[in-house]
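Read through the structure below, which is laid out as structure tokens, and then see the notes.
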Amino acid sequence: MKKAGFGKKAIMGMLAVVLVGTMLVGCGKGGSNKAEDAKAGNDKTSSSGGTITVDFWTAPEQYNLKIWSSYADKFNAEKVQLNGKTVELKVQMMPAQPSSEAGIQNAIATGTVPAISENINRSFANILNSSEALYDISKEEWFKAIAAERHIEKVMDGWAISGSQYVIPLYVNPITYCYNSKALKALGVTEVPQTMDDFNALLTKYKEQADTLNKDGITHFMYRAELLNAANYWERWFDIESQYNAFSKGTPLVDGNKLTADKEALAKVFQLYGSIGDKVLTGTIDGIWQQDKVPVVMGIGAPWDVSANTAAGKVYGMDGDYVFGPTLVEKEGDTHFNYADSKGIVLYKNKAVSEEEHQGAIEFLKYVFTGAGKDTFDTDWLNATTMLPVRGDLETNSALSNYFAENPALKDISSFVADAIPGMAHEKGADIMTALGEKAVVPFATELLPGVGMMENPDVSTYVDKAMEAMKSAGSLE
């Protein structure tokens with residue numbers, strides 16, 4: 001899975017100068033440059049010839065292009081009419097260099113933006129909305145119908161930006177934990193940890209049997225090399241924010257322009273890592289869950305590893321090679337909130353996109369999510385991407401039961417979706433998480449962890465203070 005950073009609010013200004021000549025000259029309707037067409041008096045935003053051509057950009061992945069092209073072909077075959085014209089959807093990948101976000105920002109600045117695209121998370125949607133680049137769909141009846149059909153009315157609360165909705169969430173990767181099933185079995189554990197008591201009991205068993213486990217190649221308790229990486233800000237979603245969401249009972253780190261982080265809950269995240277101490281493995285091992293001998297008991301649970309694990313011959317389940325478990329909670333009955341690595345679809349509001357094109361894009365969304373495509377799209381999406389569709393009925397949807405029966409890893413992951421919380425809606429979100437890594441997480445992992453034994457439970461308050469101050473300063477937060 002490719003993660004890409006994005007900058008500050010610079011959509012209509014700096015990028016128009018910096019990136020105007022660098023990409024997308026051939027993008028847009030019919031392979032033409034909309035801005036140049038307009039200058040020449042040939043305004044292609046007004047469709048002619050009885051056809052309304054709607055541009056749709058997919059994420060920069062081949063499997064995304066394949067499935068969306070398939071549904072575009074089905075939609076186009078329907079010959080949907082709008083104002084006496086035929087709507088035709090044209091699909092292409094969005095540019096990915098230097099990042100997909102930069103490509104979208106440049107397209108907005110240069111008038112080459114499509115009518116619709118996927119691959120937008122909540123934080124980036126907030127940046128686009130700050131420049132009025134997206135349609136607010138919250139009051140649209142077709143959107144309400146999609147939300148009802150997919151049972152995501154409650155889910156949409158977590159996607160709201162200033163009381164409005166700009167994104168139709170498409171997929172979600174709940175970030176939790178992954179365990180080495182063979183290590184658990186060697187330790188006499190038959191269920192993945194749910195609470196901190198369970199986790200501490202597992203730590204105790206590991207400490208007592210460390211020498212025996214070491215002979216079997218299990219040298220550390222947890223793998224998290226990215227604790228040393230501050231440059232990739234999104235890693236903090238996985239190793240800090242997801243577990244923080246559980247400990248804080250869903251309290252956001254940032255709300256609006258305020259630092260709302262529950263300091264006590266954040267301290268518990270640092271304490272969790274501190275209790276593992278020097279048994280956190282921070283050396284890089286590519287494809288750790290695909291190794292012949294996995295050298296750790298647990299790590300961050302990344303759903304996109306499932307395909308690679310399967311290709312490597314790994315079997316999912318407690319009796320297999322690896323198994324997923326939830327974020328940890330203080331006591332039984334608490335909600336296992338986690339981080340939702342989730343992106344969705346937006347409609348772009350731009351003079352380069354005509355009202356007919358906008359309405360044509362809506363017709364396509366209706367076709368996929370509430371029309372002829374609704375009974376097959378989610379299964380086709382799962383088969384193409386192995387990323388869970390955002391639905392409120394994943395565990396009870398009969399149309400997906402066969403898929404989950406054949407894919408137990410995704411079935412287990414699906415149970416975490418309802419408690420997954422998308423990231424902050426703040427234009428300095430990347431800066432905030434980068435500062436958290438630079439000022440607190442990396443120093444914690446390099447200065448403290450290597451010198452602490454398992455279950456020594458060191459004082460982490462210095463690093464928690466640094467974390468709070470770093471986020472506040474980087475985001476200019478109250």
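Chain labels A, B, ... are given in the sequence in which chains occur in the structure tokens; within each chain residues are numbered consecutively from 1, and ligands are likewise numbered from 1 in the order shown.
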| message | With only C-alpha atoms as the counted atoms, please give the residues lying no more than 12 Å from A:Arg236, apart from itself and same-chain residues fewer than 2 positions off, as a PyMOL selection string. | response | chain A and resi 175+224+226-234+238-244+253+269+300+339+341+423+429-438+440-442+467+471
Output C-alpha atoms for every residue in that selection, as a PDB file, in the first residue's frame.
```
ATOM      1  CA  ILE A 175      -5.233  -1.056  12.187  1.00  0.00           C
ATOM      2  CA  ARG A 224       8.027  -2.218  14.969  1.00  0.00           C
ATOM      3  CA  GLU A 226       8.935   2.201  12.037  1.00  0.00           C
ATOM      4  CA  LEU A 227       9.311   3.572  15.572  1.00  0.00           C
ATOM      5  CA  LEU A 228      12.605   4.904  14.235  1.00  0.00           C
ATOM      6  CA  ASN A 229      10.968   6.593  11.235  1.00  0.00           C
ATOM      7  CA  ALA A 230       9.679  10.145  11.673  1.00  0.00           C
ATOM      8  CA  ALA A 231       9.670  11.059   7.975  1.00  0.00           C
ATOM      9  CA  ASN A 232       6.668   8.875   7.135  1.00  0.00           C
ATOM     10  CA  TYR A 233       4.128  10.658   9.293  1.00  0.00           C
ATOM     11  CA  TRP A 234       1.412   8.074   8.598  1.00  0.00           C
ATOM     12  CA  PHE A 238      -0.525   2.766  13.162  1.00  0.00           C
ATOM     13  CA  ASP A 239       1.782   2.578  16.176  1.00  0.00           C
ATOM     14  CA  ILE A 240       0.404   5.464  18.274  1.00  0.00           C
ATOM     15  CA  GLU A 241      -3.027   6.687  17.191  1.00  0.00           C
ATOM     16  CA  SER A 242      -4.757   3.326  16.779  1.00  0.00           C
ATOM     17  CA  GLN A 243      -3.951   2.125  20.298  1.00  0.00           C
ATOM     18  CA  TYR A 244      -4.550   5.639  21.631  1.00  0.00           C
ATOM     19  CA  LEU A 253      -6.057  13.858  19.278  1.00  0.00           C
ATOM     20  CA  VAL A 269       0.412   3.930  24.752  1.00  0.00           C
ATOM     21  CA  ILE A 300       1.054  -4.071  13.979  1.00  0.00           C
ATOM     22  CA  TYR A 339      -7.479   3.745  13.523  1.00  0.00           C
ATOM     23  CA  ASP A 341      -6.880   3.706   7.314  1.00  0.00           C
ATOM     24  CA  GLY A 423      -7.904  10.503  10.993  1.00  0.00           C
ATOM     25  CA  GLY A 429      -2.378  16.863   9.988  1.00  0.00           C
ATOM     26  CA  ALA A 430       0.831  15.688   8.326  1.00  0.00           C
ATOM     27  CA  ASP A 431       2.871  18.282  10.206  1.00  0.00           C
ATOM     28  CA  ILE A 432       1.270  17.296  13.514  1.00  0.00           C
ATOM     29  CA  MET A 433       2.024  13.602  13.115  1.00  0.00           C
ATOM     30  CA  THR A 434       5.523  14.280  11.775  1.00  0.00           C
ATOM     31  CA  ALA A 435       6.299  16.375  14.855  1.00  0.00           C
ATOM     32  CA  LEU A 436       4.912  13.631  17.103  1.00  0.00           C
ATOM     33  CA  GLY A 437       7.419  11.261  15.536  1.00  0.00           C
ATOM     34  CA  GLU A 438      10.395  13.606  15.469  1.00  0.00           C
ATOM     35  CA  ALA A 440       8.651  12.166  20.937  1.00  0.00           C
ATOM     36  CA  VAL A 441       8.341   8.735  19.323  1.00  0.00           C
ATOM     37  CA  VAL A 442      11.775   8.419  17.719  1.00  0.00           C
ATOM     38  CA  ALA A 467       4.425  14.540  22.323  1.00  0.00           C
ATOM     39  CA  MET A 471       1.543  18.302  18.269  1.00  0.00           C
TER      40      MET A 471
END
```
| query | In stretch 174-278 of chain A, what's strand (DSSP E or B) per DSSP? Answer as a ChimeraX atom specification? | reply | /A:174-180,195,222-223,254-255,258-259
Serialized selection, all heavy atoms, as a short mmCIF file (atom, residue, chain, number, x, y, z; two decimals), in the first residue's frame:
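This is the output file part12.cif:
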```
data_model
loop_
_atom_site.label_atom_id
_atom_site.label_comp_id
_atom_site.auth_asym_id
_atom_site.auth_seq_id
_atom_site.Cartn_x
_atom_site.Cartn_y
_atom_site.Cartn_z
N PRO A 174 -8.81 -1.42 9.14
CA PRO A 174 -8.67 -1.19 10.58
C PRO A 174 -7.27 -1.62 11.01
O PRO A 174 -6.80 -2.70 10.65
CB PRO A 174 -9.73 -2.11 11.19
CG PRO A 174 -10.57 -2.59 10.06
CD PRO A 174 -9.73 -2.52 8.84
N ILE A 175 -6.60 -0.76 11.76
CA ILE A 175 -5.23 -1.06 12.19
C ILE A 175 -5.27 -1.58 13.62
O ILE A 175 -5.60 -0.86 14.55
CB ILE A 175 -4.35 0.20 12.09
CG1 ILE A 175 -4.37 0.75 10.66
CG2 ILE A 175 -2.92 -0.13 12.52
CD1 ILE A 175 -3.91 -0.22 9.58
N THR A 176 -4.92 -2.85 13.77
CA THR A 176 -4.92 -3.46 15.10
C THR A 176 -3.59 -4.20 15.31
O THR A 176 -2.54 -3.63 15.07
CB THR A 176 -6.14 -4.39 15.25
OG1 THR A 176 -6.12 -5.40 14.22
CG2 THR A 176 -7.44 -3.61 15.13
N TYR A 177 -3.63 -5.47 15.71
CA TYR A 177 -2.40 -6.23 15.95
C TYR A 177 -2.40 -7.55 15.21
O TYR A 177 -3.47 -8.12 14.91
CB TYR A 177 -2.20 -6.49 17.45
CG TYR A 177 -1.94 -5.24 18.24
CD1 TYR A 177 -2.87 -4.77 19.18
CD2 TYR A 177 -0.78 -4.48 18.05
CE1 TYR A 177 -2.64 -3.61 19.90
CE2 TYR A 177 -0.55 -3.32 18.76
CZ TYR A 177 -1.48 -2.89 19.69
OH TYR A 177 -1.26 -1.73 20.39
N CYS A 178 -1.22 -8.03 14.92
CA CYS A 178 -1.04 -9.34 14.31
C CYS A 178 -0.16 -10.17 15.24
O CYS A 178 0.81 -9.66 15.81
CB CYS A 178 -0.37 -9.20 12.95
SG CYS A 178 -0.23 -10.75 12.03
N TYR A 179 -0.51 -11.45 15.40
CA TYR A 179 0.22 -12.33 16.31
C TYR A 179 0.77 -13.55 15.58
O TYR A 179 0.15 -14.07 14.64
CB TYR A 179 -0.69 -12.80 17.45
CG TYR A 179 -1.12 -11.68 18.37
CD1 TYR A 179 -2.28 -10.94 18.09
CD2 TYR A 179 -0.39 -11.35 19.50
CE1 TYR A 179 -2.68 -9.90 18.92
CE2 TYR A 179 -0.79 -10.32 20.34
CZ TYR A 179 -1.94 -9.60 20.04
OH TYR A 179 -2.34 -8.57 20.86
N ASN A 180 1.90 -14.00 16.05
CA ASN A 180 2.53 -15.22 15.57
C ASN A 180 1.83 -16.40 16.25
O ASN A 180 2.02 -16.66 17.43
CB ASN A 180 4.02 -15.18 15.94
CG ASN A 180 4.78 -16.42 15.52
OD1 ASN A 180 4.20 -17.44 15.18
ND2 ASN A 180 6.11 -16.33 15.56
N THR A 195 -7.59 -7.52 26.53
CA THR A 195 -7.44 -6.48 27.55
C THR A 195 -5.97 -6.34 27.94
O THR A 195 -5.13 -7.18 27.60
CB THR A 195 -8.25 -6.82 28.79
OG1 THR A 195 -7.67 -7.99 29.41
CG2 THR A 195 -9.71 -7.11 28.45
N MET A 222 7.95 -7.93 20.11
CA MET A 222 7.18 -7.14 19.15
C MET A 222 8.08 -6.57 18.06
O MET A 222 9.22 -6.19 18.32
CB MET A 222 6.46 -5.98 19.85
CG MET A 222 5.55 -5.17 18.94
SD MET A 222 4.69 -3.85 19.85
CE MET A 222 3.48 -3.34 18.63
N TYR A 223 7.55 -6.53 16.84
CA TYR A 223 8.27 -5.92 15.71
C TYR A 223 7.65 -4.56 15.39
O TYR A 223 6.45 -4.44 15.16
CB TYR A 223 8.18 -6.80 14.47
CG TYR A 223 8.82 -6.19 13.25
CD1 TYR A 223 10.20 -6.01 13.19
CD2 TYR A 223 8.05 -5.76 12.16
CE1 TYR A 223 10.80 -5.44 12.08
CE2 TYR A 223 8.64 -5.19 11.04
CZ TYR A 223 10.02 -5.03 11.01
OH TYR A 223 10.61 -4.46 9.91
N VAL A 254 -6.91 15.64 17.92
CA VAL A 254 -7.16 17.03 17.52
C VAL A 254 -8.61 17.16 17.09
O VAL A 254 -9.13 16.31 16.36
CB VAL A 254 -6.24 17.45 16.37
CG1 VAL A 254 -6.59 18.84 15.87
CG2 VAL A 254 -4.78 17.38 16.79
N ASP A 255 -9.26 18.21 17.55
CA ASP A 255 -10.64 18.47 17.15
C ASP A 255 -10.73 19.95 16.76
O ASP A 255 -10.51 20.83 17.59
CB ASP A 255 -11.61 18.16 18.28
CG ASP A 255 -13.06 18.25 17.83
OD1 ASP A 255 -13.30 18.36 16.60
OD2 ASP A 255 -13.95 18.21 18.69
N LYS A 258 -8.11 22.61 18.09
CA LYS A 258 -7.74 22.39 19.48
C LYS A 258 -7.04 21.04 19.66
O LYS A 258 -7.42 20.05 19.03
CB LYS A 258 -8.98 22.44 20.38
CG LYS A 258 -9.64 23.80 20.47
CD LYS A 258 -10.82 23.77 21.44
CE LYS A 258 -11.47 25.14 21.57
NZ LYS A 258 -12.62 25.11 22.50
N LEU A 259 -6.02 21.03 20.51
CA LEU A 259 -5.39 19.78 20.92
C LEU A 259 -6.27 19.17 22.00
O LEU A 259 -6.33 19.68 23.13
CB LEU A 259 -3.98 20.03 21.45
CG LEU A 259 -3.22 18.79 21.93
CD1 LEU A 259 -2.93 17.85 20.76
CD2 LEU A 259 -1.94 19.18 22.64
#
```
| query | Pick from A:Pro193, A:Ser123, A:Glu469, A:Glu447: nearest to A:Gly158, with only C-alpha atoms counted? | reply |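 Closest candidate: A:Ser123.
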| How would you write, as JSON, numbers by chain, the set of residues in stretch 158-397 of chain A that DSSP gives as helix (DSSP H, G or I)? | {"A": [158, 159, 181, 182, 183, 184, 185, 186, 196, 197, 198, 199, 200, 201, 202, 203, 204, 205, 206, 207, 208, 209, 210, 211, 212, 213, 214, 215, 225, 226, 227, 228, 235, 236, 237, 238, 239, 240, 241, 242, 243, 244, 245, 246, 247, 263, 264, 265, 266, 267, 268, 269, 270, 271, 272, 273, 274, 275, 276, 277, 278, 279, 288, 289, 290, 305, 306, 307, 308, 309, 310, 311, 355, 356, 357, 358, 359, 360, 361, 362, 363, 364, 365, 366, 367, 368, 369, 377, 378, 379, 380, 381, 382, 383, 384, 385]}
| request: Skip A:Ile276 itself and residues of its chain fewer than 6 positions away, then list as a count of residues only all residues within 12 Å of it, counting only C-alpha atoms. | output: 30
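In this model, the gap between atom CA of A:Asp419 and atom CA of A:Phe337 comes to 4.7 Å.
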List as JSON lines every residue of stretch 89-193 of chain A that is in contact with stretch 345-362 of chain A, defined as an atom at most 6 Å from one of its atoms (using only C-alpha atoms), together with the nearest atom pair and the distance in Å rounded to one decimal, sorted by chain and then rising number.
```
{"residue": "A:Gly111", "atom": "CA", "partner": "A:Ala352", "partner_atom": "CA", "distance": 5.3}
{"residue": "A:Ala115", "atom": "CA", "partner": "A:Tyr348", "partner_atom": "CA", "distance": 5.4}
{"residue": "A:Ile116", "atom": "CA", "partner": "A:Leu347", "partner_atom": "CA", "distance": 4.6}
{"residue": "A:Ser117", "atom": "CA", "partner": "A:Ile345", "partner_atom": "CA", "distance": 5.6}
{"residue": "A:Glu118", "atom": "CA", "partner": "A:Ile345", "partner_atom": "CA", "distance": 4.1}
{"residue": "A:Ala133", "atom": "CA", "partner": "A:Lys349", "partner_atom": "CA", "distance": 5.0}
{"residue": "A:Leu134", "atom": "CA", "partner": "A:Tyr348", "partner_atom": "CA", "distance": 4.6}
{"residue": "A:Tyr135", "atom": "CA", "partner": "A:Lys349", "partner_atom": "CA", "distance": 5.7}
{"residue": "A:Val167", "atom": "CA", "partner": "A:Val346", "partner_atom": "CA", "distance": 5.1}
{"residue": "A:Ile168", "atom": "CA", "partner": "A:Ile345", "partner_atom": "CA", "distance": 5.0}
```
Could you save the residues just selected, with N, CA, C and O atoms, as an mmCIF file, in the first residue's frame?
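What landed in out.cif:
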```cif
data_model
loop_
_atom_site.group_PDB
_atom_site.id
_atom_site.type_symbol
_atom_site.label_atom_id
_atom_site.label_comp_id
_atom_site.auth_asym_id
_atom_site.auth_seq_id
_atom_site.Cartn_x
_atom_site.Cartn_y
_atom_site.Cartn_z
ATOM 1 N N GLY A 111 -6.862 23.447 -13.946
ATOM 2 C CA GLY A 111 -8.089 23.206 -14.683
ATOM 3 C C GLY A 111 -8.130 21.882 -15.397
ATOM 4 O O GLY A 111 -8.784 21.743 -16.438
ATOM 5 N N ALA A 115 -14.106 15.066 -12.816
ATOM 6 C CA ALA A 115 -15.362 15.325 -12.119
ATOM 7 C C ALA A 115 -15.403 14.565 -10.797
ATOM 8 O O ALA A 115 -16.041 14.999 -9.835
ATOM 9 N N ILE A 116 -14.676 13.449 -10.741
ATOM 10 C CA ILE A 116 -14.797 12.541 -9.611
ATOM 11 C C ILE A 116 -13.504 11.743 -9.454
ATOM 12 O O ILE A 116 -12.816 11.453 -10.439
ATOM 13 N N SER A 117 -13.142 11.410 -8.218
ATOM 14 C CA SER A 117 -12.005 10.511 -7.994
ATOM 15 C C SER A 117 -12.193 9.757 -6.697
ATOM 16 O O SER A 117 -12.969 10.167 -5.817
ATOM 17 N N GLU A 118 -11.463 8.675 -6.566
ATOM 18 C CA GLU A 118 -11.357 7.971 -5.286
ATOM 19 C C GLU A 118 -10.031 8.385 -4.639
ATOM 20 O O GLU A 118 -9.426 9.388 -5.002
ATOM 21 N N ALA A 133 -12.953 23.182 -3.047
ATOM 22 C CA ALA A 133 -12.715 22.367 -4.237
ATOM 23 C C ALA A 133 -13.628 21.148 -4.319
ATOM 24 O O ALA A 133 -13.582 20.413 -5.308
ATOM 25 N N LEU A 134 -14.470 20.931 -3.286
ATOM 26 C CA LEU A 134 -15.323 19.745 -3.252
ATOM 27 C C LEU A 134 -16.787 20.132 -3.060
ATOM 28 O O LEU A 134 -17.103 21.153 -2.457
ATOM 29 N N TYR A 135 -17.665 19.270 -3.539
ATOM 30 C CA TYR A 135 -19.090 19.438 -3.299
ATOM 31 C C TYR A 135 -19.457 18.886 -1.920
ATOM 32 O O TYR A 135 -19.032 17.788 -1.548
ATOM 33 N N VAL A 167 -17.026 13.247 1.453
ATOM 34 C CA VAL A 167 -16.435 11.987 1.003
ATOM 35 C C VAL A 167 -17.426 10.842 1.171
ATOM 36 O O VAL A 167 -18.093 10.732 2.209
ATOM 37 N N ILE A 168 -17.529 9.990 0.156
ATOM 38 C CA ILE A 168 -18.218 8.710 0.309
ATOM 39 C C ILE A 168 -17.142 7.687 0.634
ATOM 40 O O ILE A 168 -16.341 7.327 -0.236
#
```
Which stretch 94-211 of chain A residues have any atom within 12 Å of an atom of stretch 373-379 of chain A, and for each, what is the nearest pair of atoms with distance in Å to one decimal, counting only C-alpha atoms, rows sorted by chain and number, as CSV?
```
residue,atom,partner,partner_atom,distance
A:Ala145,CA,A:Lys374,CA,11.9
A:Ile146,CA,A:Lys374,CA,9.6
A:Glu149,CA,A:Lys374,CA,8.7
A:Arg150,CA,A:Lys374,CA,9.2
A:Leu170,CA,A:Asp378,CA,9.6
A:Tyr171,CA,A:Asp378,CA,9.7
```
| task | Name the residues in contact with A:Asp319 at a cut-off of 8 Å, using only C-alpha atoms, excluding same-chain residues fewer than 2 positions from it; report them as JSON, numbers by chain. | result | {"A": [181, 182, 316, 317, 321]}
| message | Applying 8 Å and only C-alpha atoms, which residues near stretch 406-413 of chain A remain after dropping the ones on its own chain fewer than 3 positions away? List them as a VMD selection string. | response | chain A and resid 174 303 306 316 to 317 323 to 324 386 388 395 402 to 403 416 to 417
| field | Selected residue of minimal separation from A:His336 among A:Lys314, A:Lys268, A:Lys249, A:Lys74, counting only C-alpha atoms | value | A:Lys249
